[in-house]
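Heads up, my_file-v3.csv below (CSV, C-alpha atoms and all ligand atoms):
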chain,number,residue,atom,x,y,z
A,24,MET,CA,166.3,-84.7,-78.9
A,25,ASN,CA,165.3,-83.3,-75.5
A,26,SER,CA,162.5,-85.5,-74.2
A,27,GLN,CA,161.2,-82.9,-71.7
A,28,LYS,CA,160.8,-80.4,-74.5
A,29,ASP,CA,159.4,-83.1,-76.7
A,30,SER,CA,156.6,-84.0,-74.3
A,31,LYS,CA,155.3,-80.4,-74.5
A,32,ILE,CA,155.0,-80.1,-78.2
A,33,HIS,CA,152.4,-81.7,-80.4
A,34,GLY,CA,151.3,-82.1,-84.0
A,35,ILE,CA,153.0,-80.0,-86.6
A,36,GLU,CA,155.4,-78.6,-84.0
A,37,LYS,CA,156.6,-82.0,-83.1
A,38,TYR,CA,157.0,-82.8,-86.9
A,39,HIS,CA,159.1,-79.6,-87.3
A,40,HIS,CA,161.3,-80.6,-84.3
A,41,PHE,CA,161.7,-84.1,-85.6
A,42,ASP,CA,165.5,-84.7,-85.8
A,43,ASP,CA,166.7,-88.0,-87.1
A,44,SER,CA,170.4,-87.3,-86.4
A,45,HIS,CA,170.6,-88.0,-82.7
A,46,ASP,CA,168.1,-90.7,-81.7
A,47,SER,CA,168.9,-94.3,-82.4
A,48,ASP,CA,165.1,-95.1,-82.4
A,49,VAL,CA,164.2,-92.9,-85.4
A,50,THR,CA,161.3,-95.2,-86.4
A,51,GLY,CA,159.8,-95.0,-82.9
A,52,GLN,CA,160.2,-91.3,-82.9
A,53,LEU,CA,158.6,-91.0,-86.3
A,54,LYS,CA,155.6,-93.1,-85.2
A,55,SER,CA,155.2,-90.9,-82.2
A,56,VAL,CA,155.3,-87.8,-84.4
A,57,TYR,CA,152.5,-89.1,-86.7
A,58,ALA,CA,150.4,-90.5,-83.8
A,59,ASP,CA,150.4,-87.0,-82.4
A,60,TRP,CA,149.8,-85.2,-85.7
A,61,ALA,CA,147.2,-87.5,-87.2
A,62,ASP,CA,144.1,-85.6,-86.1
A,63,ALA,CA,145.4,-82.2,-87.3
A,64,TYR,CA,147.4,-83.5,-90.3
A,65,ASP,CA,144.9,-82.7,-93.1
A,66,ASP,CA,144.2,-79.2,-91.9
A,67,ASP,CA,147.9,-78.5,-91.5
A,68,ASN,CA,148.7,-80.1,-94.9
A,69,ASP,CA,146.3,-77.6,-96.6
A,70,ASN,CA,146.4,-74.5,-94.5
A,71,LYS,CA,149.9,-74.4,-92.8
A,72,LEU,CA,152.2,-76.3,-95.1
A,73,GLY,CA,150.3,-75.8,-98.4
A,74,THR,CA,151.3,-79.3,-99.5
A,75,VAL,CA,150.3,-80.0,-103.1
A,76,SER,CA,152.1,-83.4,-103.5
A,77,GLN,CA,148.9,-85.5,-103.5
A,78,PRO,CA,147.1,-83.9,-106.4
A,79,THR,CA,150.3,-83.3,-108.3
A,80,THR,CA,151.3,-87.0,-108.0
A,81,VAL,CA,147.8,-88.2,-109.0
A,82,ALA,CA,147.8,-85.9,-112.0
A,83,MET,CA,151.2,-87.4,-113.0
A,84,LEU,CA,149.7,-90.9,-112.7
A,85,THR,CA,146.8,-89.9,-115.0
A,86,ARG,CA,149.2,-88.8,-117.7
A,87,HIS,CA,150.5,-92.4,-117.9
A,88,CYS,CA,147.5,-94.4,-116.8
A,89,GLY,CA,144.0,-93.8,-118.1
A,90,ASP,CA,142.6,-97.1,-116.8
A,91,SER,CA,140.1,-96.5,-114.0
A,92,GLU,CA,140.2,-100.3,-113.3
A,93,ALA,CA,144.0,-100.2,-112.5
A,94,GLN,CA,145.0,-101.9,-109.3
A,95,ILE,CA,146.9,-99.3,-107.2
A,96,MET,CA,148.9,-99.4,-104.0
A,97,ASP,CA,149.5,-96.2,-102.0
A,98,VAL,CA,152.6,-96.8,-99.8
A,99,GLY,CA,152.8,-94.4,-96.8
A,100,CYS,CA,149.1,-93.5,-97.4
A,101,GLY,CA,148.8,-91.6,-94.1
A,102,THR,CA,145.4,-90.1,-93.7
A,103,GLY,CA,144.5,-91.0,-97.3
A,104,LEU,CA,144.8,-87.7,-99.1
A,105,VAL,CA,146.2,-89.5,-102.1
A,106,GLY,CA,143.1,-91.8,-102.0
A,107,LEU,CA,140.9,-88.7,-102.0
A,108,HIS,CA,142.5,-87.5,-105.3
A,109,LEU,CA,142.5,-91.0,-106.8
A,110,GLN,CA,138.8,-91.2,-106.1
A,111,ARG,CA,138.2,-87.8,-107.7
A,112,ALA,CA,140.2,-88.9,-110.8
A,113,GLY,CA,138.0,-91.9,-111.1
A,114,PHE,CA,140.3,-94.7,-110.0
A,115,LYS,CA,138.3,-97.5,-108.4
A,116,HIS,CA,140.7,-100.0,-106.9
A,117,TYR,CA,143.3,-98.8,-104.5
A,118,ASP,CA,144.9,-100.1,-101.3
A,119,GLY,CA,147.0,-98.3,-98.7
A,120,THR,CA,149.7,-99.1,-96.2
A,121,ASP,CA,151.4,-97.1,-93.5
A,122,ILE,CA,153.5,-97.5,-90.4
A,123,SER,CA,151.1,-95.3,-88.4
A,124,ALA,CA,147.8,-96.8,-87.4
A,125,GLU,CA,146.7,-93.4,-86.1
A,126,MET,CA,147.2,-91.8,-89.6
A,127,MET,CA,145.6,-94.7,-91.4
A,128,ALA,CA,142.5,-94.5,-89.1
A,129,HIS,CA,141.6,-91.3,-91.0
A,130,ALA,CA,141.9,-93.0,-94.4
A,131,LYS,CA,139.0,-95.4,-93.8
A,132,THR,CA,136.5,-93.1,-95.4
A,133,ARG,CA,138.6,-92.4,-98.5
A,134,GLY,CA,137.7,-95.3,-100.7
A,135,TYR,CA,140.6,-97.6,-99.9
A,136,ARG,CA,139.8,-101.3,-100.6
A,137,LYS,CA,142.3,-102.5,-98.0
A,138,LEU,CA,144.4,-100.6,-95.4
A,139,LEU,CA,147.4,-102.7,-94.4
A,140,ASP,CA,149.7,-102.3,-91.3
A,141,LEU,CA,153.3,-101.9,-92.1
A,142,ASN,CA,156.4,-102.6,-90.0
A,143,PRO,CA,159.3,-100.5,-91.1
A,144,GLY,CA,162.0,-102.5,-92.8
A,145,GLU,CA,159.7,-105.5,-93.4
A,146,GLN,CA,158.2,-106.5,-96.8
A,147,LEU,CA,155.0,-104.8,-97.8
A,148,ALA,CA,151.9,-107.1,-97.3
A,149,ALA,CA,151.5,-107.7,-101.0
A,150,ASP,CA,152.7,-110.4,-103.4
A,151,GLU,CA,155.3,-109.8,-106.1
A,152,SER,CA,153.9,-108.2,-109.3
A,153,THR,CA,150.4,-107.4,-107.9
A,154,TYR,CA,149.8,-103.7,-108.8
A,155,ASP,CA,149.4,-101.7,-112.0
A,156,ALA,CA,150.6,-98.6,-110.2
A,157,VAL,CA,152.4,-98.1,-106.9
A,158,LEU,CA,152.4,-94.6,-105.4
A,159,CYS,CA,154.6,-93.3,-102.6
A,160,VAL,CA,153.9,-89.6,-101.8
A,161,GLY,CA,155.7,-87.7,-99.0
A,162,VAL,CA,157.7,-90.7,-97.7
A,163,PHE,CA,161.1,-90.2,-99.4
A,164,THR,CA,161.9,-87.3,-97.1
A,165,HIS,CA,163.9,-86.3,-94.0
A,166,GLY,CA,164.3,-89.3,-91.6
A,167,HIS,CA,161.6,-91.4,-93.3
A,168,LEU,CA,162.8,-93.6,-96.1
A,169,GLY,CA,165.8,-93.6,-98.4
A,170,PRO,CA,166.3,-95.0,-101.9
A,171,GLU,CA,166.5,-98.6,-100.4
A,172,GLY,CA,162.7,-98.3,-100.2
A,173,PHE,CA,162.5,-98.5,-104.0
A,174,ASP,CA,163.1,-102.3,-103.9
A,175,GLU,CA,159.7,-103.0,-102.3
A,176,LEU,CA,157.8,-100.6,-104.6
A,177,ILE,CA,159.4,-102.4,-107.6
A,178,ARG,CA,158.7,-105.9,-106.2
A,179,ILE,CA,154.9,-105.4,-105.8
A,180,ALA,CA,154.5,-103.6,-109.2
A,181,LYS,CA,153.5,-105.7,-112.2
A,182,PRO,CA,156.0,-105.8,-115.1
A,183,GLY,CA,155.0,-102.8,-117.2
A,184,GLY,CA,153.4,-101.3,-114.0
A,185,LEU,CA,154.1,-97.7,-112.9
A,186,ILE,CA,155.9,-96.5,-109.8
A,187,CYS,CA,155.0,-92.8,-109.0
A,188,PHE,CA,156.8,-91.1,-106.1
A,189,THR,CA,158.0,-87.8,-104.7
A,190,VAL,CA,161.5,-87.1,-103.2
A,191,ASN,CA,161.8,-84.0,-101.0
A,192,GLU,CA,164.5,-81.8,-102.6
A,193,GLY,CA,166.2,-81.6,-99.2
A,194,VAL,CA,167.2,-85.3,-99.2
A,195,TRP,CA,167.8,-85.6,-103.0
A,196,ASP,CA,171.6,-85.0,-103.0
A,197,GLU,CA,172.6,-86.3,-99.5
A,198,ALA,CA,170.8,-89.6,-100.0
A,199,HIS,CA,172.0,-90.0,-103.6
A,200,PHE,CA,168.5,-90.5,-105.0
A,201,ASP,CA,169.6,-89.6,-108.5
A,202,GLU,CA,172.3,-92.3,-108.5
A,203,ALA,CA,169.8,-94.9,-107.2
A,204,ILE,CA,167.2,-94.0,-109.8
A,205,GLU,CA,169.9,-94.1,-112.6
A,206,ALA,CA,171.3,-97.5,-111.3
A,207,HIS,CA,167.8,-99.1,-111.6
A,208,ALA,CA,167.6,-97.7,-115.2
A,209,GLN,CA,171.1,-98.9,-116.1
A,210,ASN,CA,170.2,-102.4,-114.7
A,211,ALA,CA,167.0,-102.5,-116.8
A,212,VAL,CA,164.8,-102.7,-113.6
A,213,TRP,CA,162.8,-99.7,-114.6
A,214,ARG,CA,162.5,-97.0,-117.2
A,215,VAL,CA,162.0,-93.4,-116.1
A,216,LEU,CA,159.0,-91.9,-117.9
A,217,GLU,CA,158.9,-88.6,-116.2
A,218,GLN,CA,161.0,-86.6,-113.7
A,219,SER,CA,160.2,-83.0,-112.8
A,220,LYS,CA,161.0,-80.7,-109.9
A,221,LEU,CA,157.8,-79.0,-108.8
A,222,ASP,CA,156.1,-77.3,-105.8
A,223,TYR,CA,155.7,-79.6,-102.8
A,224,MET,CA,155.1,-77.5,-99.6
A,225,VAL,CA,154.2,-74.2,-101.1
A,226,ASN,CA,154.0,-72.2,-97.8
A,227,GLU,CA,157.4,-73.5,-96.8
A,228,GLY,CA,159.0,-72.8,-100.2
A,229,VAL,CA,160.0,-76.5,-100.5
A,230,GLN,CA,160.0,-78.3,-103.8
A,231,ALA,CA,160.2,-82.1,-104.6
A,232,TRP,CA,161.2,-84.3,-107.5
A,233,TYR,CA,158.1,-86.1,-109.0
A,234,ILE,CA,159.0,-89.3,-110.7
A,235,THR,CA,157.2,-91.9,-112.7
A,236,ALA,CA,159.1,-95.1,-113.6
A,237,GLN,CA,157.9,-98.1,-115.4
A,238,LYS,CA,158.9,-101.6,-114.2
A,239,LEU,CA,160.6,-103.6,-116.9
A,240,GLY,CA,160.9,-107.3,-117.2
B,301,LIG,C1,154.3,-86.7,-94.9
B,301,LIG,S1,153.3,-88.1,-94.6
B,301,LIG,C2,152.5,-88.4,-96.2
B,301,LIG,C3,151.2,-89.1,-96.1
B,301,LIG,C4,150.4,-89.2,-97.4
B,301,LIG,N1,151.2,-90.0,-98.4
B,301,LIG,C5,150.2,-87.8,-97.9
B,301,LIG,O1,150.7,-87.5,-99.0
B,301,LIG,O2,149.4,-87.1,-97.3
B,301,LIG,C6,154.4,-89.4,-94.5
B,301,LIG,C7,153.8,-90.8,-94.2
B,301,LIG,O3,154.8,-91.8,-94.4
B,301,LIG,C8,154.6,-92.8,-93.3
B,301,LIG,N2,155.9,-93.5,-93.2
B,301,LIG,C9,157.0,-93.1,-92.6
B,301,LIG,N3,158.0,-94.0,-92.8
B,301,LIG,C10,157.5,-95.0,-93.6
B,301,LIG,C11,158.0,-96.1,-94.2
B,301,LIG,N4,159.3,-96.6,-94.0
B,301,LIG,N5,157.2,-96.9,-95.0
B,301,LIG,C12,155.9,-96.4,-95.3
B,301,LIG,N6,155.4,-95.3,-94.7
B,301,LIG,C13,156.2,-94.6,-93.9
B,301,LIG,C14,154.2,-92.0,-92.1
B,301,LIG,O4,153.6,-92.7,-91.1
B,301,LIG,C15,153.3,-90.9,-92.7
B,301,LIG,O5,152.0,-91.4,-92.7
Final C-alpha cells representation of the file:
Amino acid sequence: MNSQKDSKIHGIEKYHHFDDSHDSDVTGQLKSVYADWADAYDDDNDNKLGTVSQPTTVAMLTRHCGDSEAQIMDVGCGTGLVGLHLQRAGFKHYDGTDISAEMMAHAKTRGYRKLLDLNPGEQLAADESTYDAVLCVGVFTHGHLGPEGFDELIRIAKPGGLICFTVNEGVWDEAHFDEAIEAHAQNAVWRVLEQSKLDYMVNEGVQAWYITAQKLG
C-alpha cells in the first residue's frame, strides 16, 4: 500500500483501500483503518454500505435461543451494533471484545456488561466454557480473521452453547471455510444447526454465509 496515498484517505475510503496482500503488518493496518473509521462507522454501516448483518445474526440467534438470561459474548463487537440488536431482542447479559479500542469506545452505551481489549492472535479474555452463545459478526472477512478463529469461539462456548457467525462470501472459497466448518462437524466438535447465504452489505451487492453451530461435548 502507498503510505502517502494512505495518509490522505480516511474512514470508509481507507477501509475500501485496505489491501492485505502486500503489507506484512496487516493487523497494524487493520487497527489503523478502524481507528480512523470508528466515528463514522455506524452512519456508513447504515447509509453507505447498507449492512444488515447485525439484525440478521441476532434474528438467527433468537431462532435457537429464547432465553433472555443467556450469557453472550460478541467477538469483534466494534461499535456495538450487535449489542443494540441484542438489547432490542431482550437479551440482558452480553460482553464484547475487539482489537480496536476506538471502535469499542462507541459500544459503551449499548448495554454491554464488559468490554474487553483483544490482542490479535491471543486468547480471548474469557475462561473455557463460559458462554451460552458466542457471536462473531463481520469479522470473518477480507484480511480480518480466517477459520483458525473458530477455535477460540468454540473454547469459550459452553457445551451445548451456540456459535453464531457470518462469513463474507468473498472469502468463503479462498479461505476454505466450508471445509473447516465440516471438519469440526466430522470431529464432533460442533453440530451445524443453520447455514444460509443472505444479504450482508446490500448497497454493495455483497452476501454472506450466516451460520449457527452448537458446541458438542
Ligand atoms: C466490519 S467490523 C464489524 C463490527 C461489528 N461486529 C458489527 O457487526 O458492526 C469488524 C470488526 O472486527 C474487528 N476485528 C478485526 N480483526 C479481529 C480479530 N482478529 N479478532 C476480533 N476482532 C477483530 C475490527 O476491529 C472491527 O471492529
Pick from A:Ala148, A:Cys100, A:Val190, A:Val212, whichever lies nearest to Val229 (chain A) using all atoms listed in the file: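 Distance minimum relative to Val229 (chain A) lands on A:Val190.
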Coordinates-based distance that separates atom C12 of ligand LIG 301 (chain B) from CA of Ala149 (chain A) (Å, one decimal):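 Between these atoms lies a distance of 13.4 Å.
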Within-7 Å shell of (142.8, -92.0, -115.7) in input frame, all atoms listed in the file, as a ChimeraX atom specification: /A:85,88-91,112-114
For the residues selected in the previous step, produce a file with C-alpha atoms as an mmCIF file, keeping the file's coordinate frame.
data_model
loop_
_atom_site.group_PDB
_atom_site.id
_atom_site.type_symbol
_atom_site.label_atom_id
_atom_site.label_comp_id
_atom_site.auth_asym_id
_atom_site.auth_seq_id
_atom_site.Cartn_x
_atom_site.Cartn_y
_atom_site.Cartn_z
ATOM 1 C CA THR A 85 146.800 -89.900 -115.000
ATOM 2 C CA CYS A 88 147.500 -94.400 -116.800
ATOM 3 C CA GLY A 89 144.000 -93.800 -118.100
ATOM 4 C CA ASP A 90 142.600 -97.100 -116.800
ATOM 5 C CA SER A 91 140.100 -96.500 -114.000
ATOM 6 C CA ALA A 112 140.200 -88.900 -110.800
ATOM 7 C CA GLY A 113 138.000 -91.900 -111.100
ATOM 8 C CA PHE A 114 140.300 -94.700 -110.000
#
8 Å contact set for Ile177 (chain A), all atoms listed in the file, chain neighbours under 3 positions out, as a ChimeraX atom specification: /A:173-174,180,186,238
Length of the CA of Gly166 (chain A) to atom C11 of ligand LIG 301 (chain B) vector [Å]: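 Computed distance, CA of Gly166 (chain A) to atom C11 of ligand LIG 301 (chain B), equals 9.6 Å.
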Write out as JSON lines a residue-level contact list of chain A versus ligand LIG 301 (chain B) with cut-off 7 Å: for each qualifying residue the closest pair of atoms and the distance in Å to one decimal, counting all atoms listed in the file, rows sorted by chain and residue number upward.
{"residue": "A:Leu53", "atom": "CA", "partner": "B:LIG301", "partner_atom": "C9", "distance": 6.8}
{"residue": "A:Lys54", "atom": "CA", "partner": "B:LIG301", "partner_atom": "O4", "distance": 6.2}
{"residue": "A:Tyr57", "atom": "CA", "partner": "B:LIG301", "partner_atom": "O4", "distance": 5.8}
{"residue": "A:Ser76", "atom": "CA", "partner": "B:LIG301", "partner_atom": "O1", "distance": 6.2}
{"residue": "A:Gln77", "atom": "CA", "partner": "B:LIG301", "partner_atom": "O1", "distance": 5.2}
{"residue": "A:Val98", "atom": "CA", "partner": "B:LIG301", "partner_atom": "C12", "distance": 5.6}
{"residue": "A:Gly99", "atom": "CA", "partner": "B:LIG301", "partner_atom": "N6", "distance": 3.5}
{"residue": "A:Cys100", "atom": "CA", "partner": "B:LIG301", "partner_atom": "N1", "distance": 4.2}
{"residue": "A:Gly101", "atom": "CA", "partner": "B:LIG301", "partner_atom": "O5", "distance": 3.5}
{"residue": "A:Thr102", "atom": "CA", "partner": "B:LIG301", "partner_atom": "O2", "distance": 6.2}
{"residue": "A:Gly103", "atom": "CA", "partner": "B:LIG301", "partner_atom": "C4", "distance": 6.2}
{"residue": "A:Leu104", "atom": "CA", "partner": "B:LIG301", "partner_atom": "O2", "distance": 5.0}
{"residue": "A:Val105", "atom": "CA", "partner": "B:LIG301", "partner_atom": "O1", "distance": 5.8}
{"residue": "A:Thr120", "atom": "CA", "partner": "B:LIG301", "partner_atom": "C12", "distance": 6.8}
{"residue": "A:Asp121", "atom": "CA", "partner": "B:LIG301", "partner_atom": "N6", "distance": 4.5}
{"residue": "A:Ile122", "atom": "CA", "partner": "B:LIG301", "partner_atom": "O4", "distance": 4.9}
{"residue": "A:Ser123", "atom": "CA", "partner": "B:LIG301", "partner_atom": "O4", "distance": 4.5}
{"residue": "A:Met126", "atom": "CA", "partner": "B:LIG301", "partner_atom": "O5", "distance": 5.7}
{"residue": "A:Leu141", "atom": "CA", "partner": "B:LIG301", "partner_atom": "C12", "distance": 6.9}
{"residue": "A:Pro143", "atom": "CA", "partner": "B:LIG301", "partner_atom": "N4", "distance": 4.9}
{"residue": "A:Gly144", "atom": "CA", "partner": "B:LIG301", "partner_atom": "N4", "distance": 6.6}
{"residue": "A:Cys159", "atom": "CA", "partner": "B:LIG301", "partner_atom": "N1", "distance": 6.3}
{"residue": "A:Val160", "atom": "CA", "partner": "B:LIG301", "partner_atom": "N1", "distance": 4.4}
{"residue": "A:Gly161", "atom": "CA", "partner": "B:LIG301", "partner_atom": "C2", "distance": 4.3}
{"residue": "A:Val162", "atom": "CA", "partner": "B:LIG301", "partner_atom": "O3", "distance": 4.5}
{"residue": "A:His167", "atom": "CA", "partner": "B:LIG301", "partner_atom": "N3", "distance": 4.5}
{"residue": "A:Leu168", "atom": "CA", "partner": "B:LIG301", "partner_atom": "N4", "distance": 5.1}
Closest of A:Glu175, A:Asp140, A:Asp201, A:Glu145 to Val215 (chain A) - atom-to-atom distances counting all atoms listed in the file: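 Under the stated criterion, the closest residue is A:Asp201.
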Top pick for closest residue to Thr79 (chain A), considering A:Gln146, A:Thr164, A:Thr235, A:Thr132 and counting all atoms listed in the file: A:Thr235
Option closest in space to Leu107 (chain A), from A:Asp155, A:Asp222, A:Asp196, A:Asp65 [counting only C-alpha atoms]: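 Using only C-alpha atoms, Leu107 (chain A) sits closest to A:Asp65.
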Protein and nucleic acid residues near (163.0, -94.6, -112.0) (cut-off 8 Å, all atoms listed in the file) as a list of chain:residue names: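 Those residues, ordered by chain and then number, are A:Ile186, A:Ile204, A:Glu205, A:His207, A:Ala208, A:Trp213, A:Arg214, A:Val215, A:Leu216, A:Ile234, A:Thr235, A:Ala236, A:Gln237.
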Surrounding residues of Leu138 (chain A) excluding itself and chain neighbours under 4 positions, 10 Å, only C-alpha atoms, as an MDAnalysis selection string: chainID A and resid 96:97 100 103 117:121 124 127:128 130:131
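CA of Gln209 (chain A) sits 20.9 Å away from CA of Val157 (chain A).
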Give me the residues within 8 Å of Ser219 (chain A) as a short mmCIF file (atom, residue, chain, number, x, y, z; two decimals) with C-alpha atoms, in the frame of the given file, counting only C-alpha atoms and dropping any in the same chain fewer than 2 places off.
data_model
loop_
_atom_site.label_atom_id
_atom_site.label_comp_id
_atom_site.auth_asym_id
_atom_site.auth_seq_id
_atom_site.Cartn_x
_atom_site.Cartn_y
_atom_site.Cartn_z
CA GLU A 217 158.90 -88.60 -116.20
CA LEU A 221 157.80 -79.00 -108.80
CA TRP A 232 161.20 -84.30 -107.50
CA TYR A 233 158.10 -86.10 -109.00
CA ILE A 234 159.00 -89.30 -110.70
#
From A:Lys115, A:Val75, A:Glu125, A:Gln110, residue lying nearest Ser55 (chain A) [all atoms listed in the file]: A:Glu125
Nearest residue to Tyr38 (chain A) from the set A:Gln52, A:Asn70, A:Thr80, A:Gln230 (distances using only C-alpha atoms):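 Among the listed residues, the smallest separation from Tyr38 (chain A) belongs to A:Gln52.
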